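Heads up, coords00.pdb below (PDB, C-alpha atoms):
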ATOM      1  CA  MET A   1      30.133  45.948 -43.309
ATOM      2  CA  SER A   2      31.207  48.992 -45.228
ATOM      3  CA  HIS A   3      34.546  50.724 -45.161
ATOM      4  CA  ARG A   4      33.094  53.228 -42.670
ATOM      5  CA  ALA A   5      30.661  51.459 -40.409
ATOM      6  CA  ARG A   6      28.409  53.553 -38.224
ATOM      7  CA  PRO A   7      26.328  52.412 -35.278
ATOM      8  CA  HIS A   8      22.710  52.394 -36.269
ATOM      9  CA  GLY A   9      20.900  50.768 -33.371
ATOM     10  CA  VAL A  10      19.437  54.027 -32.134
ATOM     11  CA  ALA A  11      19.044  55.287 -35.674
ATOM     12  CA  ALA A  12      17.016  52.180 -36.510
ATOM     13  CA  LEU A  13      14.531  53.019 -33.807
ATOM     14  CA  LEU A  14      14.385  56.590 -35.011
ATOM     15  CA  LEU A  15      13.852  55.442 -38.567
ATOM     16  CA  ALA A  16      11.018  53.158 -37.603
ATOM     17  CA  ALA A  17       9.325  56.056 -35.810
ATOM     18  CA  GLY A  18      10.280  58.724 -38.289
ATOM     19  CA  LEU A  19       9.894  57.254 -41.752
ATOM     20  CA  LEU A  20       6.189  57.947 -41.737
ATOM     21  CA  LEU A  21       7.161  61.622 -41.578
ATOM     22  CA  SER A  22      10.154  61.337 -43.905
ATOM     23  CA  GLY A  23      10.430  62.905 -47.309
ATOM     24  CA  CYS A  24      11.612  59.568 -48.682
ATOM     25  CA  ALA A  25       9.774  56.801 -50.531
ATOM     26  CA  GLY A  26       6.330  58.257 -51.028
ATOM     27  CA  GLY A  27       3.158  56.833 -49.551
ATOM     28  CA  PHE A  28       4.297  54.886 -46.510
ATOM     29  CA  GLY A  29       1.509  52.884 -45.018
ATOM     30  CA  GLY A  30      -1.067  54.303 -47.412
ATOM     31  CA  LYS A  31      -2.334  53.768 -50.910
ATOM     32  CA  ALA A  32      -1.924  56.559 -51.645
ATOM     33  CA  GLY A  33      25.073  75.116 -74.041
ATOM     34  CA  SER A  34      28.283  76.425 -74.093
ATOM     35  CA  SER A  35      28.995  80.017 -73.130
ATOM     36  CA  VAL A  36      32.224  80.206 -75.140
ATOM     37  CA  PRO A  37      32.402  83.622 -76.848
ATOM     38  CA  THR A  38      32.656  83.747 -80.618
ATOM     39  CA  ALA A  39      35.958  84.686 -82.203
ATOM     40  CA  VAL A  40      36.835  88.357 -82.462
ATOM     41  CA  ASP A  41      35.130  89.947 -85.467
ATOM     42  CA  ASP A  42      37.327  92.745 -86.790
ATOM     43  CA  LYS A  43      35.068  93.800 -89.640
ATOM     44  CA  GLY A  44      33.450  96.539 -87.594
ATOM     45  CA  ALA A  45      36.497  97.452 -85.531
ATOM     46  CA  THR A  46      37.980 100.887 -86.021
ATOM     47  CA  GLY A  47      41.593 101.863 -85.603
ATOM     48  CA  GLY A  48      41.450 105.541 -86.395
ATOM     49  CA  ALA A  49      40.203 107.384 -89.434
ATOM     50  CA  SER A  50      41.233 104.585 -91.779
ATOM     51  CA  GLY A  51      38.964 102.065 -90.042
ATOM     52  CA  SER A  52      41.806  99.529 -89.849
ATOM     53  CA  VAL A  53      43.050  97.739 -86.749
ATOM     54  CA  SER A  54      46.629  96.783 -86.033
ATOM     55  CA  ARG A  55      47.730  93.220 -85.428
ATOM     56  CA  ALA A  56      48.834  94.190 -81.927
ATOM     57  CA  ALA A  57      45.443  95.726 -81.117
ATOM     58  CA  LEU A  58      43.609  92.703 -82.496
ATOM     59  CA  GLY A  59      45.818  90.406 -80.447
ATOM     60  CA  ALA A  60      45.077  92.397 -77.313
ATOM     61  CA  GLN A  61      41.333  92.223 -77.986
ATOM     62  CA  THR A  62      41.533  88.475 -78.553
ATOM     63  CA  GLU A  63      43.446  87.966 -75.303
ATOM     64  CA  LYS A  64      40.886  89.999 -73.371
ATOM     65  CA  ARG A  65      38.122  87.878 -74.863
ATOM     66  CA  ALA A  66      39.697  84.602 -73.806
ATOM     67  CA  VAL A  67      37.422  81.590 -73.692
ATOM     68  CA  ARG A  68      35.380  81.506 -70.493
ATOM     69  CA  PRO A  69      34.673  78.207 -68.696
ATOM     70  CA  ARG A  70      31.452  76.507 -69.777
ATOM     71  CA  GLU A  71      28.445  76.749 -67.491
ATOM     72  CA  ILE A  72      25.712  74.159 -66.965
ATOM     73  CA  PRO A  73      23.368  75.367 -69.717
ATOM     74  CA  SER A  74      20.009  74.779 -68.020
ATOM     75  CA  LEU A  75      20.869  76.807 -64.915
ATOM     76  CA  GLY A  76      20.275  80.511 -64.417
ATOM     77  CA  PRO A  77      22.672  82.892 -62.642
ATOM     78  CA  LYS A  78      20.969  82.616 -59.251
ATOM     79  CA  THR A  79      21.163  78.823 -59.261
ATOM     80  CA  ARG A  80      24.731  78.783 -60.562
ATOM     81  CA  SER A  81      25.834  81.120 -57.789
ATOM     82  CA  GLN A  82      24.717  78.586 -55.174
ATOM     83  CA  ILE A  83      27.113  75.890 -56.402
ATOM     84  CA  PRO A  84      30.249  76.031 -54.212
ATOM     85  CA  LYS A  85      33.378  77.107 -56.067
ATOM     86  CA  ASP A  86      35.248  73.991 -54.925
ATOM     87  CA  SER A  87      32.587  71.639 -56.284
ATOM     88  CA  ARG A  88      33.673  69.620 -59.322
ATOM     89  CA  GLN A  89      30.676  67.269 -59.514
ATOM     90  CA  ALA A  90      27.024  68.216 -59.932
ATOM     91  CA  VAL A  91      23.957  65.990 -60.096
ATOM     92  CA  VAL A  92      21.340  68.117 -61.884
ATOM     93  CA  VAL A  93      17.755  66.928 -61.373
ATOM     94  CA  THR A  94      15.313  68.872 -63.541
ATOM     95  CA  GLY A  95      11.582  68.463 -63.073
ATOM     96  CA  ASP A  96       9.268  68.744 -66.063
ATOM     97  CA  ALA A  97       7.049  71.354 -64.340
ATOM     98  CA  PRO A  98       6.471  72.799 -60.838
ATOM     99  CA  ASP A  99       3.720  70.241 -60.124
ATOM    100  CA  SER A 100       5.313  67.281 -61.946
ATOM    101  CA  ASN A 101       6.702  64.180 -60.237
ATOM    102  CA  ARG A 102       8.811  63.202 -63.258
ATOM    103  CA  ALA A 103      12.337  64.504 -63.746
ATOM    104  CA  THR A 104      15.567  64.055 -65.684
ATOM    105  CA  LEU A 105      18.952  63.607 -64.018
ATOM    106  CA  VAL A 106      22.233  64.591 -65.682
ATOM    107  CA  LEU A 107      25.738  64.250 -64.229
ATOM    108  CA  TYR A 108      28.244  67.082 -64.715
ATOM    109  CA  GLU A 109      31.949  67.420 -63.987
ATOM    110  CA  ARG A 110      33.867  70.715 -63.795
ATOM    111  CA  ASP A 111      37.319  71.244 -65.269
ATOM    112  CA  PRO A 112      39.081  74.257 -63.717
ATOM    113  CA  VAL A 113      39.884  75.644 -67.187
ATOM    114  CA  GLU A 114      37.168  74.394 -69.519
ATOM    115  CA  GLY A 115      34.290  74.459 -67.047
ATOM    116  CA  TRP A 116      31.329  72.101 -66.778
ATOM    117  CA  ARG A 117      30.643  69.180 -69.117
ATOM    118  CA  SER A 118      27.944  66.534 -69.015
ATOM    119  CA  VAL A 119      28.878  62.935 -68.297
ATOM    120  CA  GLY A 120      26.940  60.235 -70.135
ATOM    121  CA  ASP A 121      23.292  60.282 -71.121
ATOM    122  CA  PRO A 122      20.372  61.754 -69.137
ATOM    123  CA  TRP A 123      18.636  59.383 -66.709
ATOM    124  CA  PRO A 124      14.912  59.241 -65.928
ATOM    125  CA  ALA A 125      14.091  60.105 -62.319
ATOM    126  CA  ARG A 126      11.108  60.688 -60.061
ATOM    127  CA  ASN A 127      10.422  63.232 -57.351
ATOM    128  CA  ALA A 128       7.618  64.063 -54.909
ATOM    129  CA  LEU A 129       3.960  63.479 -55.688
ATOM    130  CA  LYS A 130       3.075  67.200 -55.795
ATOM    131  CA  GLY A 131       6.211  68.447 -57.510
ATOM    132  CA  TRP A 132       8.602  71.107 -56.217
ATOM    133  CA  THR A 133       8.752  73.893 -53.642
ATOM    134  CA  ASP A 134      11.072  76.691 -52.487
ATOM    135  CA  ASP A 135       9.697  76.303 -48.951
ATOM    136  CA  HIS A 136       9.566  72.605 -48.144
ATOM    137  CA  ARG A 137       7.504  71.659 -45.103
ATOM    138  CA  GLN A 138       7.025  68.381 -43.293
ATOM    139  CA  GLY A 139       4.435  66.292 -45.099
ATOM    140  CA  ASP A 140       3.779  68.691 -48.000
ATOM    141  CA  LEU A 141       4.598  65.940 -50.545
ATOM    142  CA  GLN A 142       6.911  68.268 -52.484
ATOM    143  CA  SER A 143      10.637  68.077 -53.166
ATOM    144  CA  PRO A 144      12.820  70.986 -52.009
ATOM    145  CA  ILE A 145      14.343  73.241 -54.690
ATOM    146  CA  GLY A 146      17.978  74.179 -54.266
ATOM    147  CA  VAL A 147      21.630  73.154 -54.237
ATOM    148  CA  PHE A 148      22.608  70.638 -51.567
ATOM    149  CA  GLY A 149      25.743  68.663 -50.735
ATOM    150  CA  LEU A 150      26.040  64.895 -51.133
ATOM    151  CA  THR A 151      28.309  63.532 -48.421
ATOM    152  CA  ASP A 152      26.808  60.306 -47.023
ATOM    153  CA  ALA A 153      25.337  57.063 -48.322
ATOM    154  CA  GLY A 154      23.960  53.784 -47.047
ATOM    155  CA  GLY A 155      21.482  51.036 -47.647
ATOM    156  CA  MET A 156      20.195  47.580 -46.955
ATOM    157  CA  LEU A 157      22.547  46.023 -49.525
ATOM    158  CA  PRO A 158      26.360  45.986 -49.461
ATOM    159  CA  ASP A 159      28.316  49.006 -50.647
ATOM    160  CA  PRO A 160      28.474  48.770 -54.475
ATOM    161  CA  GLY A 161      31.812  50.591 -54.572
ATOM    162  CA  THR A 162      31.224  54.197 -53.578
ATOM    163  CA  GLU A 163      33.867  56.546 -52.175
ATOM    164  CA  LEU A 164      31.250  58.114 -49.896
ATOM    165  CA  PRO A 165      30.932  56.869 -46.308
ATOM    166  CA  TYR A 166      28.426  54.002 -46.533
ATOM    167  CA  ASP A 167      26.261  52.824 -43.643
ATOM    168  CA  ARG A 168      24.820  49.369 -44.237
ATOM    169  CA  GLY A 169      22.198  47.824 -41.995
ATOM    170  CA  PRO A 170      18.696  46.389 -41.580
ATOM    171  CA  ALA A 171      17.301  49.776 -40.534
ATOM    172  CA  PHE A 172      17.085  50.595 -44.244
ATOM    173  CA  THR A 173      14.249  48.090 -44.620
ATOM    174  CA  VAL A 174      10.949  49.543 -45.844
ATOM    175  CA  SER A 175       7.572  47.952 -46.559
ATOM    176  CA  GLY A 176       4.072  48.982 -47.556
ATOM    177  CA  THR A 177       2.816  50.507 -50.782
ATOM    178  CA  GLY A 178       3.287  53.800 -52.569
ATOM    179  CA  PHE A 179       0.866  56.314 -54.040
ATOM    180  CA  ASP A 180       0.215  54.153 -57.111
ATOM    181  CA  GLY A 181      -0.155  50.959 -55.083
ATOM    182  CA  GLU A 182       3.376  49.845 -55.930
ATOM    183  CA  PRO A 183       5.417  47.940 -53.312
ATOM    184  CA  LEU A 184       8.055  50.007 -51.544
ATOM    185  CA  ALA A 185      10.272  47.052 -50.660
ATOM    186  CA  GLY A 186      13.848  47.597 -51.834
ATOM    187  CA  SER A 187      13.568  51.391 -52.144
ATOM    188  CA  PHE A 188      16.313  51.851 -49.560
ATOM    189  CA  ASP A 189      18.638  49.114 -50.825
ATOM    190  CA  HIS A 190      20.945  52.021 -51.749
ATOM    191  CA  VAL A 191      20.532  55.677 -50.756
ATOM    192  CA  VAL A 192      22.469  58.929 -50.885
ATOM    193  CA  ALA A 193      21.449  61.509 -48.302
ATOM    194  CA  ILE A 194      20.682  64.962 -49.713
ATOM    195  CA  ASN A 195      21.990  67.587 -47.292
ATOM    196  CA  TYR A 196      18.665  69.337 -46.845
ATOM    197  CA  ASN A 197      17.957  70.001 -43.145
ATOM    198  CA  ARG A 198      20.400  67.355 -41.954
ATOM    199  CA  GLU A 199      23.823  67.134 -40.349
ATOM    200  CA  PRO A 200      26.459  66.351 -43.033
ATOM    201  CA  GLY A 201      28.941  63.647 -42.151
ATOM    202  CA  THR A 202      26.416  61.411 -40.405
ATOM    203  CA  THR A 203      24.524  58.305 -41.463
ATOM    204  CA  PRO A 204      21.454  58.970 -43.647
ATOM    205  CA  LEU A 205      19.498  57.547 -40.691
ATOM    206  CA  ASP A 206      20.470  60.437 -38.423
ATOM    207  CA  TRP A 207      17.349  62.409 -37.567
ATOM    208  CA  THR A 208      18.993  65.716 -36.558
ATOM    209  CA  ARG A 209      17.037  68.630 -38.109
ATOM    210  CA  PRO A 210      19.067  71.884 -37.885
ATOM    211  CA  LEU A 211      16.215  73.946 -39.388
ATOM    212  CA  GLY A 212      13.597  72.376 -37.112
ATOM    213  CA  GLU A 213      11.145  69.515 -37.529
ATOM    214  CA  ASP A 214       8.631  71.677 -39.398
ATOM    215  CA  LYS A 215      11.057  72.023 -42.334
ATOM    216  CA  GLY A 216      11.013  68.286 -42.920
ATOM    217  CA  GLY A 217      13.992  66.116 -43.725
ATOM    218  CA  GLY A 218      15.002  62.616 -44.682
ATOM    219  CA  ILE A 219      15.393  63.713 -48.310
ATOM    220  CA  TRP A 220      17.398  61.091 -50.166
ATOM    221  CA  ILE A 221      18.276  59.846 -53.614
ATOM    222  CA  HIS A 222      17.138  56.226 -53.497
ATOM    223  CA  VAL A 223      16.019  53.292 -55.638
ATOM    224  CA  ASP A 224      12.904  53.892 -57.733
ATOM    225  CA  HIS A 225       9.865  51.910 -56.581
ATOM    226  CA  GLY A 226       7.717  52.720 -59.617
ATOM    227  CA  GLY A 227       5.832  55.770 -58.346
ATOM    228  CA  PRO A 228       6.172  59.286 -56.914
ATOM    229  CA  THR A 229       8.012  59.887 -53.641
ATOM    230  CA  GLN A 230       7.146  61.932 -50.589
ATOM    231  CA  GLY A 231      10.023  64.332 -51.233
ATOM    232  CA  CYS A 232      13.011  62.314 -52.381
ATOM    233  CA  VAL A 233      14.533  61.746 -55.815
ATOM    234  CA  SER A 234      14.532  58.157 -57.054
ATOM    235  CA  LEU A 235      16.485  56.329 -59.768
ATOM    236  CA  PRO A 236      16.306  52.834 -61.274
ATOM    237  CA  MET A 237      18.601  50.407 -59.462
ATOM    238  CA  PRO A 238      21.322  50.233 -62.192
ATOM    239  CA  ARG A 239      21.544  54.039 -62.309
ATOM    240  CA  MET A 240      21.613  54.221 -58.505
ATOM    241  CA  LYS A 241      24.685  51.984 -58.465
ATOM    242  CA  ASP A 242      26.291  54.066 -61.227
ATOM    243  CA  LEU A 243      25.688  57.224 -59.216
ATOM    244  CA  LEU A 244      27.227  55.791 -56.055
ATOM    245  CA  ARG A 245      30.336  54.684 -57.932
ATOM    246  CA  TRP A 246      30.668  58.067 -59.668
ATOM    247  CA  LEU A 247      30.372  60.321 -56.627
ATOM    248  CA  ASP A 248      33.730  61.410 -55.250
ATOM    249  CA  PRO A 249      33.837  63.250 -51.909
ATOM    250  CA  ALA A 250      37.157  64.859 -52.917
ATOM    251  CA  LYS A 251      35.223  66.682 -55.665
ATOM    252  CA  HIS A 252      32.596  68.020 -53.247
ATOM    253  CA  PRO A 253      29.554  66.742 -55.164
ATOM    254  CA  GLN A 254      26.318  68.732 -55.101
ATOM    255  CA  VAL A 255      22.789  67.973 -56.187
ATOM    256  CA  VAL A 256      21.042  70.813 -58.045
ATOM    257  CA  MET A 257      17.327  70.053 -58.022
ATOM    258  CA  GLY A 258      14.057  71.711 -58.977
ATOM    259  CA  ASP A 259      11.643  72.241 -61.832
ATOM    260  CA  VAL A 260      12.998  73.641 -65.096
ATOM    261  CA  SER A 261      11.680  77.161 -64.572
ATOM    262  CA  SER A 262      13.043  77.413 -61.011
ATOM    263  CA  LEU A 263      16.504  76.185 -61.987
ATOM    264  CA  GLY A 264      16.568  78.718 -64.821
ATOM    265  CA  ARG A 265      16.412  81.658 -62.425
TER     266      ARG A 265
END
In structure tokens, write the structure found in this file.
Amino acid sequence: MSHRARPHGVAALLLAAGLLLSGCAGGFGGKAGSSVPTAVDDKGATGGASGSVSRAALGAQTEKRAVRPREIPSLGPKTRSQIPKDSRQAVVVTGDAPDSNRATLVLYERDPVEGWRSVGDPWPARNALKGWTDDHRQGDLQSPIGVFGLTDAGGMLPDPGTELPYDRGPAFTVSGTGFDGEPLAGSFDHVVAINYNREPGTTPLDWTRPLGEDKGGGIWIHVDHGGPTQGCVSLPMPRMKDLLRWLDPAKHPQVVMGDVSSLGR
């Protein structure tokens, strides 16, 4: 059992009934740059009729133009504003296009002085069959766009060493085939719940839907099964383990997800 075991007997029954409607593991039962300012340029500065500038004035200008913390370069101001100020980890999932089910995942860490920096190389990822949406609905086969917390994990296999609460149990078993005819078995060996329309601090199997059933739910990061998902984000097994070991609840990790044009807003 994990370091924080949760009862999942009831959740198992809910999962069995609810996975057909979940955003996770597509196709159940069917075949279906830096913003650091440049140094002060005093060539055009004027300090009176002579056009010169004093050392004291130049020093004051330089101090005022102190280096600003780096931002995540692919994100626009609207998206950046949604990342909580206390968050020091971001999992940025960028879809190729609004209707694409292929994406790239990059990990970022934030230093309070220097700002955001990428960690490691980009990872290939998948998302929902029909791409991305700002208004996710149950069964629309699209992944929700936005910034969501990452607080809870689980899976069929033992905890690989995450600091997140990890709920292990047989309820994470899945069978059947995906949209490309690929087997779904093993997709839920490891999962991280994305806090879209769910109650943070509960097992990923919890079926509470604060926004209502119509807004869908069960959106996870889980193991890639070789095809598009119903709404989740999926990663190859080695990367899934790396992600679980990297996430630190003390750093309030967030997932920032959407197509490239939406995240650039």
Compile a residue-level contact table for range 63-126 of chain A against range 250-265 of chain A at a cut-off of 10 Å, reporting for every qualifying residue the shortest atom pair and its distance in Å to one decimal, with all atoms listed in the file counted, rows ordered by chain and ascending number, as a tab-separated table.
residue	atom	partner	partner_atom	distance
A:Pro73	CA	A:Gly264	CA	9.0
A:Ser74	CA	A:Gly264	CA	6.1
A:Leu75	CA	A:Gly264	CA	4.7
A:Gly76	CA	A:Gly264	CA	4.1
A:Pro77	CA	A:Arg265	CA	6.4
A:Lys78	CA	A:Arg265	CA	5.6
A:Thr79	CA	A:Leu263	CA	6.0
A:Arg80	CA	A:Leu263	CA	8.7
A:Gln82	CA	A:Val256	CA	9.1
A:Ile83	CA	A:Gln254	CA	7.3
A:Pro84	CA	A:Gln254	CA	8.3
A:Lys85	CA	A:His252	CA	9.5
A:Asp86	CA	A:His252	CA	6.7
A:Ser87	CA	A:His252	CA	4.7
A:Arg88	CA	A:Lys251	CA	4.9
A:Gln89	CA	A:Pro253	CA	4.5
A:Ala90	CA	A:Gln254	CA	4.9
A:Val91	CA	A:Val255	CA	4.5
A:Val92	CA	A:Val256	CA	4.7
A:Val93	CA	A:Met257	CA	4.6
A:Thr94	CA	A:Asp259	CA	5.3
A:Gly95	CA	A:Asp259	CA	4.0
A:Asp96	CA	A:Asp259	CA	6.0
A:Ala97	CA	A:Asp259	CA	5.3
A:Pro98	CA	A:Asp259	CA	5.3
A:Asp99	CA	A:Asp259	CA	8.3
A:Ser100	CA	A:Asp259	CA	8.0
A:Asn101	CA	A:Asp259	CA	9.6
A:Arg102	CA	A:Asp259	CA	9.6
A:Ala103	CA	A:Asp259	CA	8.0
A:Thr104	CA	A:Asp259	CA	9.9
A:Leu105	CA	A:Met257	CA	9.0
A:Val106	CA	A:Val256	CA	9.9
A:Leu107	CA	A:Val255	CA	9.3
A:Tyr108	CA	A:Pro253	CA	9.6
A:Glu109	CA	A:Lys251	CA	9.0
A:Arg110	CA	A:Lys251	CA	9.2
### Task
Write out as a ChimeraX atom specification which residues come within 10 Å of range 233-245 of chain A when counting only C-alpha atoms, dropping same-chain ones fewer than 6 positions away.
/A:23-25,91,93,101-105,107,123-128,143,153-154,159-164,166,186-192,194,219-227,257
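When CA of Pro170 in chain A is paired with CA of Cys232 in chain A, their separation reads 20.1 Å.
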### Query
Using only C-alpha atoms, which of A:Pro158, A:Pro144, A:Gln138, A:Asp152 sits nearest Arg209 in chain A?
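Smallest separation from Arg209 in chain A among the options: A:Gln138.
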### Task
Work out how far CA of Ala171 in chain A is from CA of Asn195 in chain A, in Å to one decimal.
19.6 Å
### Counting all atoms listed in the file, the residue of A:Pro204, A:Tyr196, A:Val113, A:Phe148 that sits nearest Phe172 in chain A
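Closest residue, counting all atoms listed in the file: A:Pro204.
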#### Entry: Interatomic distance (Å, one decimal) between CA of Ser118 in chain A and CA of Asp248 in chain A
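According to the coordinates, CA of Ser118 in chain A and CA of Asp248 in chain A are separated by 15.8 Å.
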#### Entry: Proximity to Asp135 in chain A - best of A:Asn197, A:Thr203, A:Gly218, A:Pro210, all atoms listed in the file
A:Asn197
Would you compute an axis-aligned box for range 219-232 of chain A, covering every atom listed for it in the file with 8 Å of margin on each side, and report centre and edge lengths in Å to one decimal as lines of an AutoDock Vina configuration file?
center_x = 12.1
center_y = 58.1
center_z = -54.0
size_x = 28.4
size_y = 28.4
size_z = 27.3
### Message
Starting from the PyMOL selection byres ((chain A and resi 216) around 6), expand the selection into actual residues of this file and give them as a PyMOL selection string.
### Response
chain A and resi 137-138+213-215+217
Convert the current residue selection to file output with C-alpha atoms, as an mmCIF file, in the coordinates of the input.
data_model
loop_
_atom_site.group_PDB
_atom_site.id
_atom_site.type_symbol
_atom_site.label_atom_id
_atom_site.label_comp_id
_atom_site.auth_asym_id
_atom_site.auth_seq_id
_atom_site.Cartn_x
_atom_site.Cartn_y
_atom_site.Cartn_z
ATOM 1 C CA ARG A 137 7.504 71.659 -45.103
ATOM 2 C CA GLN A 138 7.025 68.381 -43.293
ATOM 3 C CA GLU A 213 11.145 69.515 -37.529
ATOM 4 C CA ASP A 214 8.631 71.677 -39.398
ATOM 5 C CA LYS A 215 11.057 72.023 -42.334
ATOM 6 C CA GLY A 217 13.992 66.116 -43.725
#
